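Structure data follow from coords.cif (mmCIF, C-alpha atoms and all ligand atoms):
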data_my_file
loop_
_atom_site.group_PDB
_atom_site.id
_atom_site.type_symbol
_atom_site.label_atom_id
_atom_site.label_comp_id
_atom_site.auth_asym_id
_atom_site.auth_seq_id
_atom_site.Cartn_x
_atom_site.Cartn_y
_atom_site.Cartn_z
ATOM 1 C CA MET A 1 2.745 -24.887 -0.960
ATOM 2 C CA ARG A 2 5.216 -22.086 -1.534
ATOM 3 C CA ILE A 3 4.352 -18.372 -1.671
ATOM 4 C CA GLY A 4 7.009 -15.715 -2.208
ATOM 5 C CA LEU A 5 7.845 -12.056 -2.528
ATOM 6 C CA ILE A 6 9.141 -10.851 -5.896
ATOM 7 C CA GLY A 7 11.027 -7.551 -5.767
ATOM 8 C CA TYR A 8 14.506 -6.099 -5.551
ATOM 9 C CA PRO A 9 15.876 -5.700 -2.985
ATOM 10 C CA VAL A 10 13.637 -7.641 -0.583
ATOM 11 C CA GLN A 11 15.932 -8.796 2.207
ATOM 12 C CA HIS A 12 14.540 -6.287 4.734
ATOM 13 C CA SER A 13 10.917 -7.252 4.129
ATOM 14 C CA ALA A 14 8.735 -8.090 7.124
ATOM 15 C CA SER A 15 6.334 -10.123 4.961
ATOM 16 C CA PRO A 16 7.838 -13.595 5.695
ATOM 17 C CA ARG A 17 7.503 -12.946 9.435
ATOM 18 C CA MET A 18 3.834 -12.034 9.274
ATOM 19 C CA GLN A 19 2.754 -14.487 6.537
ATOM 20 C CA ASN A 20 4.498 -17.472 8.136
ATOM 21 C CA ALA A 21 2.971 -16.562 11.514
ATOM 22 C CA ALA A 22 -0.453 -16.566 9.839
ATOM 23 C CA PHE A 23 0.134 -19.944 8.109
ATOM 24 C CA ALA A 24 1.056 -21.448 11.481
ATOM 25 C CA ALA A 25 -1.899 -19.819 13.254
ATOM 26 C CA VAL A 26 -4.495 -21.325 10.886
ATOM 27 C CA GLY A 27 -2.817 -24.751 10.695
ATOM 28 C CA LEU A 28 -1.458 -24.463 7.134
ATOM 29 C CA THR A 29 1.757 -26.146 8.235
ATOM 30 C CA GLU A 30 2.811 -27.154 4.707
ATOM 31 C CA TRP A 31 2.750 -23.550 3.482
ATOM 32 C CA THR A 32 5.819 -21.303 3.533
ATOM 33 C CA TYR A 33 6.446 -17.691 2.529
ATOM 34 C CA GLU A 34 9.860 -16.987 1.013
ATOM 35 C CA LEU A 35 11.870 -14.046 -0.263
ATOM 36 C CA TRP A 36 12.542 -14.194 -3.983
ATOM 37 C CA PRO A 37 14.982 -11.353 -4.790
ATOM 38 C CA THR A 38 14.457 -10.640 -8.481
ATOM 39 C CA PRO A 39 16.395 -8.025 -10.459
ATOM 40 C CA LEU A 40 14.712 -6.872 -13.654
ATOM 41 C CA ASP A 41 16.750 -9.159 -15.900
ATOM 42 C CA ALA A 42 15.562 -12.196 -13.885
ATOM 43 C CA LEU A 43 11.853 -11.286 -13.805
ATOM 44 C CA ALA A 44 10.754 -13.265 -16.871
ATOM 45 C CA GLU A 45 12.436 -16.424 -15.577
ATOM 46 C CA ARG A 46 10.882 -15.909 -12.118
ATOM 47 C CA LEU A 47 7.382 -15.615 -13.603
ATOM 48 C CA LEU A 48 7.964 -18.734 -15.713
ATOM 49 C CA GLU A 49 8.924 -20.645 -12.569
ATOM 50 C CA LEU A 50 5.795 -19.312 -10.851
ATOM 51 C CA ARG A 51 3.672 -20.554 -13.753
ATOM 52 C CA LYS A 52 5.287 -24.009 -14.097
ATOM 53 C CA ASN A 53 6.107 -25.093 -10.526
ATOM 54 C CA HIS A 54 3.113 -26.945 -9.042
ATOM 55 C CA HIS A 55 4.349 -26.295 -5.503
ATOM 56 C CA ILE A 56 4.046 -22.527 -5.945
ATOM 57 C CA GLY A 57 0.603 -21.005 -5.279
ATOM 58 C CA GLY A 58 1.290 -17.330 -5.849
ATOM 59 C CA CYS A 59 3.306 -14.394 -4.639
ATOM 60 C CA ASN A 60 3.439 -10.785 -3.590
ATOM 61 C CA VAL A 61 5.047 -8.235 -5.877
ATOM 62 C CA THR A 62 6.867 -5.160 -4.621
ATOM 63 C CA ILE A 63 9.187 -2.395 -5.830
ATOM 64 C CA PRO A 64 10.294 -2.228 -8.631
ATOM 65 C CA HIS A 65 7.974 -4.776 -10.302
ATOM 66 C CA LYS A 66 4.389 -3.735 -9.463
ATOM 67 C CA GLN A 67 3.957 -2.413 -13.012
ATOM 68 C CA ASN A 68 6.542 -4.647 -14.692
ATOM 69 C CA VAL A 69 4.473 -7.819 -14.151
ATOM 70 C CA LEU A 70 1.250 -6.470 -15.700
ATOM 71 C CA GLY A 71 1.901 -7.698 -19.244
ATOM 72 C CA ALA A 72 2.918 -11.196 -18.142
ATOM 73 C CA LEU A 73 -0.333 -12.072 -16.322
ATOM 74 C CA ASP A 74 -3.375 -13.860 -17.767
ATOM 75 C CA VAL A 75 -6.066 -11.950 -15.875
ATOM 76 C CA LEU A 76 -6.158 -8.685 -13.894
ATOM 77 C CA SER A 77 -8.739 -7.834 -11.243
ATOM 78 C CA ASP A 78 -10.697 -4.662 -12.008
ATOM 79 C CA HIS A 79 -8.826 -2.865 -9.208
ATOM 80 C CA ALA A 80 -5.385 -3.899 -10.454
ATOM 81 C CA ARG A 81 -6.305 -2.803 -13.985
ATOM 82 C CA MET A 82 -7.597 0.575 -12.834
ATOM 83 C CA LEU A 83 -4.534 1.130 -10.633
ATOM 84 C CA GLY A 84 -2.090 -0.189 -13.217
ATOM 85 C CA ALA A 85 -0.223 -2.026 -10.460
ATOM 86 C CA VAL A 86 -0.211 -5.552 -9.019
ATOM 87 C CA ASN A 87 0.976 -6.470 -5.521
ATOM 88 C CA THR A 88 -0.466 -9.989 -5.346
ATOM 89 C CA ILE A 89 -0.508 -12.836 -7.875
ATOM 90 C CA VAL A 90 -2.705 -15.906 -7.428
ATOM 91 C CA LYS A 91 -2.305 -19.066 -9.519
ATOM 92 C CA ARG A 92 -5.639 -20.710 -10.393
ATOM 93 C CA ASP A 93 -6.005 -23.550 -12.921
ATOM 94 C CA GLY A 94 -2.626 -22.702 -14.424
ATOM 95 C CA GLN A 95 -3.534 -19.039 -14.887
ATOM 96 C CA LEU A 96 -1.746 -16.123 -13.216
ATOM 97 C CA ILE A 97 -4.246 -13.607 -11.819
ATOM 98 C CA GLY A 98 -3.061 -10.145 -10.736
ATOM 99 C CA HIS A 99 -4.656 -8.333 -7.793
ATOM 100 C CA ASN A 100 -3.994 -5.205 -5.767
ATOM 101 C CA THR A 101 -4.582 -5.338 -2.006
ATOM 102 C CA ASP A 102 -2.677 -2.161 -0.994
ATOM 103 C CA TRP A 103 -5.767 0.052 -1.181
ATOM 104 C CA LEU A 104 -7.845 -2.504 0.767
ATOM 105 C CA GLY A 105 -5.149 -2.641 3.441
ATOM 106 C CA PHE A 106 -5.239 1.128 3.785
ATOM 107 C CA LEU A 107 -9.033 1.255 4.217
ATOM 108 C CA ALA A 108 -9.021 -1.638 6.693
ATOM 109 C CA ASP A 109 -6.352 0.019 8.834
ATOM 110 C CA LEU A 110 -7.940 3.459 8.627
ATOM 111 C CA ARG A 111 -11.133 1.945 10.061
ATOM 112 C CA PHE A 112 -9.136 -0.049 12.620
ATOM 113 C CA ASN A 113 -7.737 3.280 13.830
ATOM 114 C CA GLY A 114 -11.190 4.740 14.260
ATOM 115 C CA PHE A 115 -11.606 6.843 11.099
ATOM 116 C CA GLU A 116 -14.663 5.835 9.072
ATOM 117 C CA PRO A 117 -14.362 7.224 5.516
ATOM 118 C CA VAL A 118 -17.734 8.412 4.218
ATOM 119 C CA GLY A 119 -18.957 10.287 1.175
ATOM 120 C CA GLY A 120 -18.527 14.055 1.238
ATOM 121 C CA GLN A 121 -15.496 14.145 3.548
ATOM 122 C CA ARG A 122 -12.488 16.045 2.246
ATOM 123 C CA ALA A 123 -9.048 14.447 2.037
ATOM 124 C CA LEU A 124 -5.590 15.814 1.306
ATOM 125 C CA VAL A 125 -3.082 13.348 -0.135
ATOM 126 C CA LEU A 126 0.605 14.251 0.177
ATOM 127 C CA GLY A 127 2.620 12.626 -2.619
ATOM 128 C CA ALA A 128 1.863 11.319 -6.100
ATOM 129 C CA GLY A 129 3.964 8.159 -6.415
ATOM 130 C CA GLY A 130 2.959 4.499 -6.463
ATOM 131 C CA SER A 131 1.289 4.376 -3.065
ATOM 132 C CA ALA A 132 -0.598 7.667 -3.585
ATOM 133 C CA ARG A 133 -2.365 6.135 -6.593
ATOM 134 C CA GLY A 134 -3.816 3.338 -4.440
ATOM 135 C CA ILE A 135 -4.775 5.712 -1.648
ATOM 136 C CA VAL A 136 -6.562 8.174 -3.965
ATOM 137 C CA TYR A 137 -8.350 5.213 -5.563
ATOM 138 C CA ALA A 138 -9.516 3.963 -2.138
ATOM 139 C CA LEU A 139 -10.712 7.416 -1.069
ATOM 140 C CA LEU A 140 -12.640 8.038 -4.289
ATOM 141 C CA LYS A 141 -14.258 4.581 -3.982
ATOM 142 C CA CYS A 142 -15.564 5.745 -0.572
ATOM 143 C CA GLY A 143 -16.906 8.990 -2.050
ATOM 144 C CA LEU A 144 -14.409 11.410 -0.493
ATOM 145 C CA ARG A 145 -13.377 14.605 -2.262
ATOM 146 C CA VAL A 146 -9.624 14.509 -2.741
ATOM 147 C CA HIS A 147 -6.873 17.091 -3.170
ATOM 148 C CA ILE A 148 -3.379 15.939 -4.124
ATOM 149 C CA VAL A 149 -0.244 17.957 -3.446
ATOM 150 C CA ASN A 150 3.218 16.820 -4.496
ATOM 151 C CA ARG A 151 6.740 18.238 -4.671
ATOM 152 C CA ASP A 152 6.659 17.622 -8.432
ATOM 153 C CA ALA A 153 3.320 19.284 -9.253
ATOM 154 C CA ALA A 154 3.112 17.697 -12.706
ATOM 155 C CA ARG A 155 2.897 14.223 -11.130
ATOM 156 C CA ALA A 156 -0.002 15.358 -8.922
ATOM 157 C CA HIS A 157 -1.850 16.701 -11.975
ATOM 158 C CA SER A 158 -1.228 13.481 -13.864
ATOM 159 C CA LEU A 159 -2.568 11.341 -10.989
ATOM 160 C CA ALA A 160 -5.673 13.539 -10.610
ATOM 161 C CA HIS A 161 -6.245 13.322 -14.348
ATOM 162 C CA ASP A 162 -5.969 9.521 -14.396
ATOM 163 C CA LEU A 163 -8.392 8.951 -11.514
ATOM 164 C CA HIS A 164 -10.897 11.769 -12.075
ATOM 165 C CA PRO A 165 -13.413 9.399 -13.761
ATOM 166 C CA LEU A 166 -13.870 7.824 -10.306
ATOM 167 C CA GLY A 167 -14.871 10.963 -8.416
ATOM 168 C CA THR A 168 -13.919 14.471 -7.323
ATOM 169 C CA VAL A 169 -10.139 14.804 -7.333
ATOM 170 C CA SER A 170 -7.851 17.717 -8.096
ATOM 171 C CA ALA A 171 -4.203 18.673 -7.844
ATOM 172 C CA ILE A 172 -3.240 21.712 -5.807
ATOM 173 C CA THR A 173 0.130 23.397 -5.598
ATOM 174 C CA THR A 174 0.277 24.349 -1.891
ATOM 175 C CA MET A 175 -1.339 23.013 1.287
ATOM 176 C CA HIS A 176 -2.901 26.475 1.835
ATOM 177 C CA GLN A 177 -5.277 25.841 -1.073
ATOM 178 C CA ALA A 178 -6.790 22.769 0.564
ATOM 179 C CA GLY A 179 -9.310 24.534 2.847
ATOM 180 C CA ALA A 180 -11.033 22.558 5.609
ATOM 181 C CA ILE A 181 -9.836 18.969 5.576
ATOM 182 C CA ASP A 182 -11.061 15.851 7.436
ATOM 183 C CA LEU A 183 -8.245 13.437 6.553
ATOM 184 C CA ILE A 184 -4.585 13.925 5.590
ATOM 185 C CA ILE A 185 -2.610 10.986 4.211
ATOM 186 C CA ASN A 186 1.155 11.041 3.837
ATOM 187 C CA CYS A 187 2.116 9.007 0.755
ATOM 188 C CA THR A 188 5.579 10.524 0.460
ATOM 189 C CA SER A 189 8.751 8.852 1.644
ATOM 190 C CA ALA A 190 9.645 11.960 3.685
ATOM 191 C CA GLY A 191 10.312 10.806 7.248
ATOM 192 C CA MET A 192 11.035 7.218 6.203
ATOM 193 C CA ASP A 193 14.306 5.728 7.431
ATOM 194 C CA PRO A 194 17.003 6.997 6.674
ATOM 195 C CA HIS A 195 15.341 10.420 6.047
ATOM 196 C CA LEU A 196 14.287 10.620 9.685
ATOM 197 C CA ASP A 197 14.391 14.405 9.984
ATOM 198 C CA THR A 198 12.266 15.198 6.942
ATOM 199 C CA THR A 199 8.557 15.938 6.844
ATOM 200 C CA PRO A 200 6.212 16.752 3.945
ATOM 201 C CA TRP A 201 4.323 19.264 6.139
ATOM 202 C CA PRO A 202 5.831 22.809 6.139
ATOM 203 C CA LEU A 203 7.286 23.634 9.556
ATOM 204 C CA ASP A 204 5.771 27.135 9.423
ATOM 205 C CA LEU A 205 2.224 25.945 8.662
ATOM 206 C CA PRO A 206 0.079 24.862 11.638
ATOM 207 C CA PHE A 207 -1.197 21.292 11.283
ATOM 208 C CA PRO A 208 -5.029 21.354 11.241
ATOM 209 C CA ARG A 209 -6.077 19.871 14.577
ATOM 210 C CA GLN A 210 -9.508 18.736 13.326
ATOM 211 C CA ALA A 211 -7.935 16.509 10.650
ATOM 212 C CA PHE A 212 -7.018 12.840 11.107
ATOM 213 C CA LEU A 213 -3.473 12.073 9.937
ATOM 214 C CA TYR A 214 -2.632 8.710 8.366
ATOM 215 C CA ASP A 215 1.114 8.397 7.689
ATOM 216 C CA LEU A 216 1.980 5.474 5.386
ATOM 217 C CA VAL A 217 5.541 5.555 6.681
ATOM 218 C CA TYR A 218 6.024 2.762 9.241
ATOM 219 C CA LYS A 219 9.760 2.969 9.915
ATOM 220 C CA PRO A 220 10.124 4.786 12.259
ATOM 221 C CA ARG A 221 6.724 4.434 13.962
ATOM 222 C CA GLN A 222 6.944 8.019 15.254
ATOM 223 C CA THR A 223 7.733 10.277 12.287
ATOM 224 C CA VAL A 224 8.339 14.024 12.446
ATOM 225 C CA LEU A 225 4.977 14.426 10.700
ATOM 226 C CA ILE A 226 3.194 12.422 13.412
ATOM 227 C CA GLN A 227 4.916 14.582 16.035
ATOM 228 C CA GLN A 228 3.696 17.728 14.241
ATOM 229 C CA ALA A 229 0.117 16.409 14.139
ATOM 230 C CA GLU A 230 0.161 15.240 17.751
ATOM 231 C CA ALA A 231 1.532 18.584 18.894
ATOM 232 C CA ALA A 232 -1.444 20.237 17.194
ATOM 233 C CA GLY A 233 -3.843 17.857 18.946
ATOM 234 C CA ALA A 234 -4.819 15.894 15.824
ATOM 235 C CA ARG A 235 -5.565 12.159 15.850
ATOM 236 C CA CYS A 236 -2.919 10.073 14.013
ATOM 237 C CA ALA A 237 -1.980 6.617 12.796
ATOM 238 C CA GLY A 238 1.230 5.274 11.257
ATOM 239 C CA GLY A 239 1.426 2.795 8.369
ATOM 240 C CA ILE A 240 2.382 -0.470 10.096
ATOM 241 C CA GLY A 241 -1.215 -1.677 10.265
ATOM 242 C CA MET A 242 -1.668 -1.135 6.516
ATOM 243 C CA LEU A 243 1.271 -3.467 5.944
ATOM 244 C CA ALA A 244 -0.474 -6.136 8.005
ATOM 245 C CA GLU A 245 -3.880 -5.577 6.386
ATOM 246 C CA GLN A 246 -2.652 -5.701 2.766
ATOM 247 C CA GLY A 247 -0.876 -8.930 3.692
ATOM 248 C CA ALA A 248 -4.035 -10.349 5.255
ATOM 249 C CA ALA A 249 -6.033 -9.509 2.115
ATOM 250 C CA ALA A 250 -3.398 -11.293 -0.015
ATOM 251 C CA PHE A 251 -3.474 -14.280 2.383
ATOM 252 C CA GLU A 252 -7.224 -14.566 1.811
ATOM 253 C CA LEU A 253 -6.708 -14.617 -1.970
ATOM 254 C CA TRP A 254 -4.166 -17.479 -1.764
ATOM 255 C CA THR A 255 -5.781 -19.576 0.966
ATOM 256 C CA GLY A 256 -9.479 -18.616 1.222
ATOM 257 C CA VAL A 257 -9.024 -17.887 4.952
ATOM 258 C CA PRO A 258 -10.780 -14.560 5.695
ATOM 259 C CA ALA A 259 -8.427 -11.579 6.064
ATOM 260 C CA ALA A 260 -10.194 -10.551 9.274
ATOM 261 C CA GLN A 261 -9.160 -13.876 10.856
ATOM 262 C CA VAL A 262 -5.421 -13.484 10.201
ATOM 263 C CA ALA A 263 -4.966 -9.699 10.383
ATOM 264 C CA PRO A 264 -4.557 -9.747 14.216
ATOM 265 C CA VAL A 265 -1.896 -12.475 13.893
ATOM 266 C CA MET A 266 -0.020 -10.392 11.323
ATOM 267 C CA ARG A 267 -0.268 -7.239 13.442
ATOM 268 C CA ALA A 268 1.156 -9.144 16.405
ATOM 269 C CA ALA A 269 3.982 -10.593 14.278
ATOM 270 C CA LEU A 270 4.986 -7.075 13.218
ATOM 271 C CA GLY A 271 5.128 -6.043 16.889
HETATM 272 P P1 LIG B 301 7.348 6.510 -4.631
HETATM 273 O O1 LIG B 301 8.817 6.484 -4.781
HETATM 274 O O2 LIG B 301 6.487 5.943 -5.700
HETATM 275 O O3 LIG B 301 6.860 8.027 -4.370
HETATM 276 C C1 LIG B 301 7.554 8.830 -3.446
HETATM 277 C C2 LIG B 301 6.770 10.107 -3.200
HETATM 278 O O4 LIG B 301 7.387 10.807 -2.125
HETATM 279 C C3 LIG B 301 6.744 11.064 -4.384
HETATM 280 O O5 LIG B 301 5.492 11.715 -4.419
HETATM 281 C C4 LIG B 301 7.858 12.056 -4.021
HETATM 282 O O6 LIG B 301 7.701 13.329 -4.598
HETATM 283 C C5 LIG B 301 7.663 12.149 -2.534
HETATM 284 N N1 LIG B 301 8.834 12.613 -1.767
HETATM 285 C C6 LIG B 301 10.003 11.963 -1.598
HETATM 286 N N2 LIG B 301 10.795 12.657 -0.766
HETATM 287 C C7 LIG B 301 10.125 13.776 -0.413
HETATM 288 C C8 LIG B 301 10.422 14.896 0.414
HETATM 289 N N3 LIG B 301 11.591 15.005 1.058
HETATM 290 N N4 LIG B 301 9.483 15.855 0.566
HETATM 291 C C9 LIG B 301 8.296 15.757 -0.057
HETATM 292 N N5 LIG B 301 7.946 14.720 -0.864
HETATM 293 C C10 LIG B 301 8.866 13.743 -1.041
HETATM 294 O O7 LIG B 301 7.072 5.782 -3.216
HETATM 295 P P2 LIG B 301 5.752 5.027 -2.725
HETATM 296 O O8 LIG B 301 4.577 5.827 -3.094
HETATM 297 O O9 LIG B 301 5.800 3.607 -3.142
HETATM 298 O O10 LIG B 301 5.960 5.032 -1.127
HETATM 299 C C11 LIG B 301 5.899 6.230 -0.382
HETATM 300 C C12 LIG B 301 6.050 5.898 1.101
HETATM 301 O O11 LIG B 301 4.954 5.094 1.543
HETATM 302 C C13 LIG B 301 7.322 5.101 1.426
HETATM 303 O O12 LIG B 301 7.845 5.581 2.640
HETATM 304 C C14 LIG B 301 6.816 3.682 1.604
HETATM 305 O O13 LIG B 301 7.594 2.924 2.489
HETATM 306 C C15 LIG B 301 5.429 3.933 2.209
HETATM 307 N N6 LIG B 301 4.496 2.833 1.939
HETATM 308 C C16 LIG B 301 3.885 2.232 3.011
HETATM 309 C C17 LIG B 301 2.978 1.208 2.803
HETATM 310 C C18 LIG B 301 2.344 0.574 3.988
HETATM 311 O O14 LIG B 301 1.819 -0.550 3.867
HETATM 312 N N7 LIG B 301 2.308 1.231 5.130
HETATM 313 C C19 LIG B 301 2.644 0.727 1.455
HETATM 314 C C20 LIG B 301 3.330 1.445 0.394
HETATM 315 C C21 LIG B 301 4.239 2.457 0.645
HETATM 316 P P3 LIG B 301 8.244 13.667 -6.103
HETATM 317 O O15 LIG B 301 7.256 13.050 -7.040
HETATM 318 O O16 LIG B 301 8.251 15.131 -6.142
HETATM 319 O O17 LIG B 301 9.622 13.029 -6.210
#

Turn the structure described in the file into structure tokens.
Amino acid sequence: MRIGLIGYPVQHSASPRMQNAAFAAVGLTEWTYELWPTPLDALAERLLELRKNHHIGGCNVTIPHKQNVLGALDVLSDHARMLGAVNTIVKRDGQLIGHNTDWLGFLADLRFNGFEPVGGQRALVLGAGGSARGIVYALLKCGLRVHIVNRDAARAHSLAHDLHPLGTVSAITTMHQAGAIDLIINCTSAGMDPHLDTTPWPLDLPFPRQAFLYDLVYKPRQTVLIQQAEAAGARCAGGIGMLAEQGAAAFELWTGVPAAQVAPVMRAALG
């Protein structure tokens, strides 16, 4: 059975390493995970191949196609529909079913790192792009009250507007407006290789030491933002575990093997 990653470019993806390690670990020796680089003009043909080839069981979807595939699928999970983005496709009885496991991966890794999200806590989300949407969704599902701040304030307002039916969420224009915060999540690409010296947190604003920082950036493992938080005495986690956990949740959808069983294998494969 073949599973693949649809996106463009995909050659630097760590997904084959962790998914193939998991197939081997649970004895699915006939299963392989492949990279399927797919520019936009080749997407329709790729999805046709996915639909027709009986040796293909599904795929992951990454940038820039998480929204592009929506209209080509037969069924969307409630989460994928609400988020307007698909990162996992499962083929069942000839139908293509779209799921989103990014938000599940975030919650699983947050808990793994010792932060239990509960109703009433206050969260500050930095960024308003694709990943921020999934993170705000996850936080609202857990009952947290969420502020969003983004360089482009209009995008933060738009995200808050879209997700406000799910809970208490608002856009703010500066970090100072956030007040006391329990959890800060970096969903910006500031600090991500090759922007190693950038940080979304103002250098002249003390990082709140009582807050837990979750930085989605996983390359490098030690971002400037994590250094700022650690220097203030705050607890922190980087995003590598989320990568493993969203992959484990997708693995469960394709194979039926529980995510909790393969997540440690995937974490180990990522090193
Ligand atoms: P998008 O391109 O959709 O959004 C990028 C966001 O970053 C925007 O809000 C943008 O602001 C903001 N931004 C970019 N540069 C800066 C800067 N210098 N200062 C402040 N804000 C900045 O990206 P994604 O949401 O898909 O991904 C964001 C990050 O999260 C990436 O580093 C990605 O690798 C990581 N990620 C990690 C995952 C994991 O499993 N750990 C999963 C998904 C993503 P503006 O709107 O103003 O341009």

Near Arg209 (chain A), within 7 Å and counting all atoms listed in the file, which residues show up once chain neighbours fewer than 6 positions away are dropped, as a VMD selection string? chain A and resid 232 to 234

Residue contacts of Phe106 (chain A) (9 Å, all atoms listed in the file) excluding same-chain residues fewer than 5 positions away, as an NGL selection string: :A and (101 or 111 or 134-135 or 138 or 216 or 239 or 241-243 or 245-246)

Determine, using all atoms listed in the file, which residues of chain A have any atom at most 6 Å from an atom of ligand LIG 301 (chain B), and tabulate each with its shortest atom pair and distance in Å to one decimal place, rows ordered by chain and then rising number, as JSON lines.
{"residue": "A:Gly127", "atom": "CA", "partner": "B:LIG301", "partner_atom": "O5", "distance": 3.5}
{"residue": "A:Ala128", "atom": "CA", "partner": "B:LIG301", "partner_atom": "O5", "distance": 4.0}
{"residue": "A:Gly129", "atom": "CA", "partner": "B:LIG301", "partner_atom": "O2", "distance": 3.4}
{"residue": "A:Gly130", "atom": "CA", "partner": "B:LIG301", "partner_atom": "O2", "distance": 3.9}
{"residue": "A:Ser131", "atom": "CA", "partner": "B:LIG301", "partner_atom": "O8", "distance": 3.6}
{"residue": "A:Ala132", "atom": "CA", "partner": "B:LIG301", "partner_atom": "O8", "distance": 5.5}
{"residue": "A:Asn150", "atom": "CA", "partner": "B:LIG301", "partner_atom": "O16", "distance": 5.6}
{"residue": "A:Arg151", "atom": "CA", "partner": "B:LIG301", "partner_atom": "O16", "distance": 3.8}
{"residue": "A:Asp152", "atom": "CA", "partner": "B:LIG301", "partner_atom": "O16", "distance": 3.7}
{"residue": "A:Cys187", "atom": "CA", "partner": "B:LIG301", "partner_atom": "C11", "distance": 4.8}
{"residue": "A:Thr188", "atom": "CA", "partner": "B:LIG301", "partner_atom": "O4", "distance": 3.2}
{"residue": "A:Ser189", "atom": "CA", "partner": "B:LIG301", "partner_atom": "O12", "distance": 3.5}
{"residue": "A:Ala190", "atom": "CA", "partner": "B:LIG301", "partner_atom": "C8", "distance": 4.5}
{"residue": "A:Met192", "atom": "CA", "partner": "B:LIG301", "partner_atom": "O12", "distance": 5.1}
{"residue": "A:Thr198", "atom": "CA", "partner": "B:LIG301", "partner_atom": "N3", "distance": 5.9}
{"residue": "A:Pro200", "atom": "CA", "partner": "B:LIG301", "partner_atom": "C9", "distance": 4.6}
{"residue": "A:Leu216", "atom": "CA", "partner": "B:LIG301", "partner_atom": "N7", "distance": 4.3}
{"residue": "A:Val217", "atom": "CA", "partner": "B:LIG301", "partner_atom": "O12", "distance": 4.7}
{"residue": "A:Tyr218", "atom": "CA", "partner": "B:LIG301", "partner_atom": "N7", "distance": 5.7}
{"residue": "A:Gly239", "atom": "CA", "partner": "B:LIG301", "partner_atom": "N7", "distance": 3.7}
{"residue": "A:Ile240", "atom": "CA", "partner": "B:LIG301", "partner_atom": "N7", "distance": 5.2}
{"residue": "A:Met242", "atom": "CA", "partner": "B:LIG301", "partner_atom": "O14", "distance": 4.4}
{"residue": "A:Leu243", "atom": "CA", "partner": "B:LIG301", "partner_atom": "O14", "distance": 3.6}

What residues come out when you apply the PyMOL selection byres (((chain A and resi 43) around 9) and not hetatm) to this file, written as a ChimeraX atom specification? /A:6-7,38-42,44-48,65,68-69

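CA of Leu205 (chain A) sits 22.2 Å away from CA of Arg145 (chain A).
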
Explicit residue set for the PyMOL selection byres (((chain A and resi 255) around 10) and not hetatm), as a PyMOL selection string: chain A and resi 23+28+31+57+90+250-254+256-259

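Counting all atoms listed in the file, the residue from A:Ala244, A:Val224, A:Val118, A:Met266 that sits nearest to Leu144 (chain A) is A:Val118.
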
Looking at A:Gly94, A:Gly191, A:Gly71, A:Pro208, which one is nearest to Pro220 (chain A), with distances taken over all atoms listed in the file? A:Gly191

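Picture a line from CA of Ile185 (chain A) to CA of Arg81 (chain A); it runs 23.1 Å.
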
Please, what is the axis-aligned box for every listed atom of region 232-245 of chain A with 3 Å on each side, as centre and edge lengths in Å to one decimal, as JSON?
{"center_x": -1.6, "center_y": 7.1, "center_z": 12.4, "size_x": 13.9, "size_y": 32.4, "size_z": 19.0}

Using all atoms listed in the file, which of the listed residues (A:Ala108, A:Leu140, A:Leu183, A:Val265) sits closest to Leu166 (chain A)? A:Leu140

All residues 12 Å or closer to Gln210 (chain A), all atoms listed in the file, same chain fewer than 2 positions away omitted, as number ranges by chain: A: 122, 179-184, 206-208, 212-213, 229-230, 232-236

Rounded to one decimal place, report the CA of Gln228 (chain A)-CA of Ile63 (chain A) distance in Å.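 Value for the CA of Gln228 (chain A)-CA of Ile63 (chain A) distance: 28.9 Å.
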
To test your reading of the syntax: which residues would the PyMOL selection byres (((chain A and resi 36) around 12) and not hetatm) return for the file shown? Reply as a PyMOL selection string. chain A and resi 2-13+15-16+33-35+37-39+42-43+45-47+49-50+58-62

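Nearest to Ser158 (chain A) of all the residues A:Ala171, A:Leu73, A:Leu270, A:Ala123 is A:Ala171, based on all atoms listed in the file.
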
Go through A:Ala269, A:Ala211, A:Val75, A:Ala160 one by one, measure the shortest atom-to-atom distance of each to His147 (chain A) using all atoms listed in the file, and give the residue with the smallest value.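 Comparing A:Ala269, A:Ala211, A:Val75, A:Ala160 against His147 (chain A), the winner is A:Ala160.
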
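Using only C-alpha atoms, the nearest neighbour of Asn100 (chain A) within the list A:Ala249, A:Val262, A:Val146, A:Ile172 is A:Ala249.
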
Given the point (-3.6, -13.1, -19.0) in the file's coordinates, find the residues that have an atom at most 10 Å from it, counting all atoms listed in the file, and give them as a PyMOL selection string. chain A and resi 70-76+95-98

List every protein, DNA or RNA residue with an atom no more than 8 Å from (-20.7, 11.4, 0.9) in the file's coordinates, counting all atoms listed in the file, and format the result as an MDAnalysis selection string. chainID A and resid 118:121 142:144

Please produce a file of those selected residues containing C-alpha atoms, as a compact mmCIF listing (two decimals), keeping the file's coordinate frame.
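Dumped everything to selection17.txt:
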# COMPACT_ATOMS: atom_id res chain seq x y z
CA VAL A 118 -17.73 8.41 4.22
CA GLY A 119 -18.96 10.29 1.18
CA GLY A 120 -18.53 14.06 1.24
CA GLN A 121 -15.50 14.14 3.55
CA CYS A 142 -15.56 5.74 -0.57
CA GLY A 143 -16.91 8.99 -2.05
CA LEU A 144 -14.41 11.41 -0.49
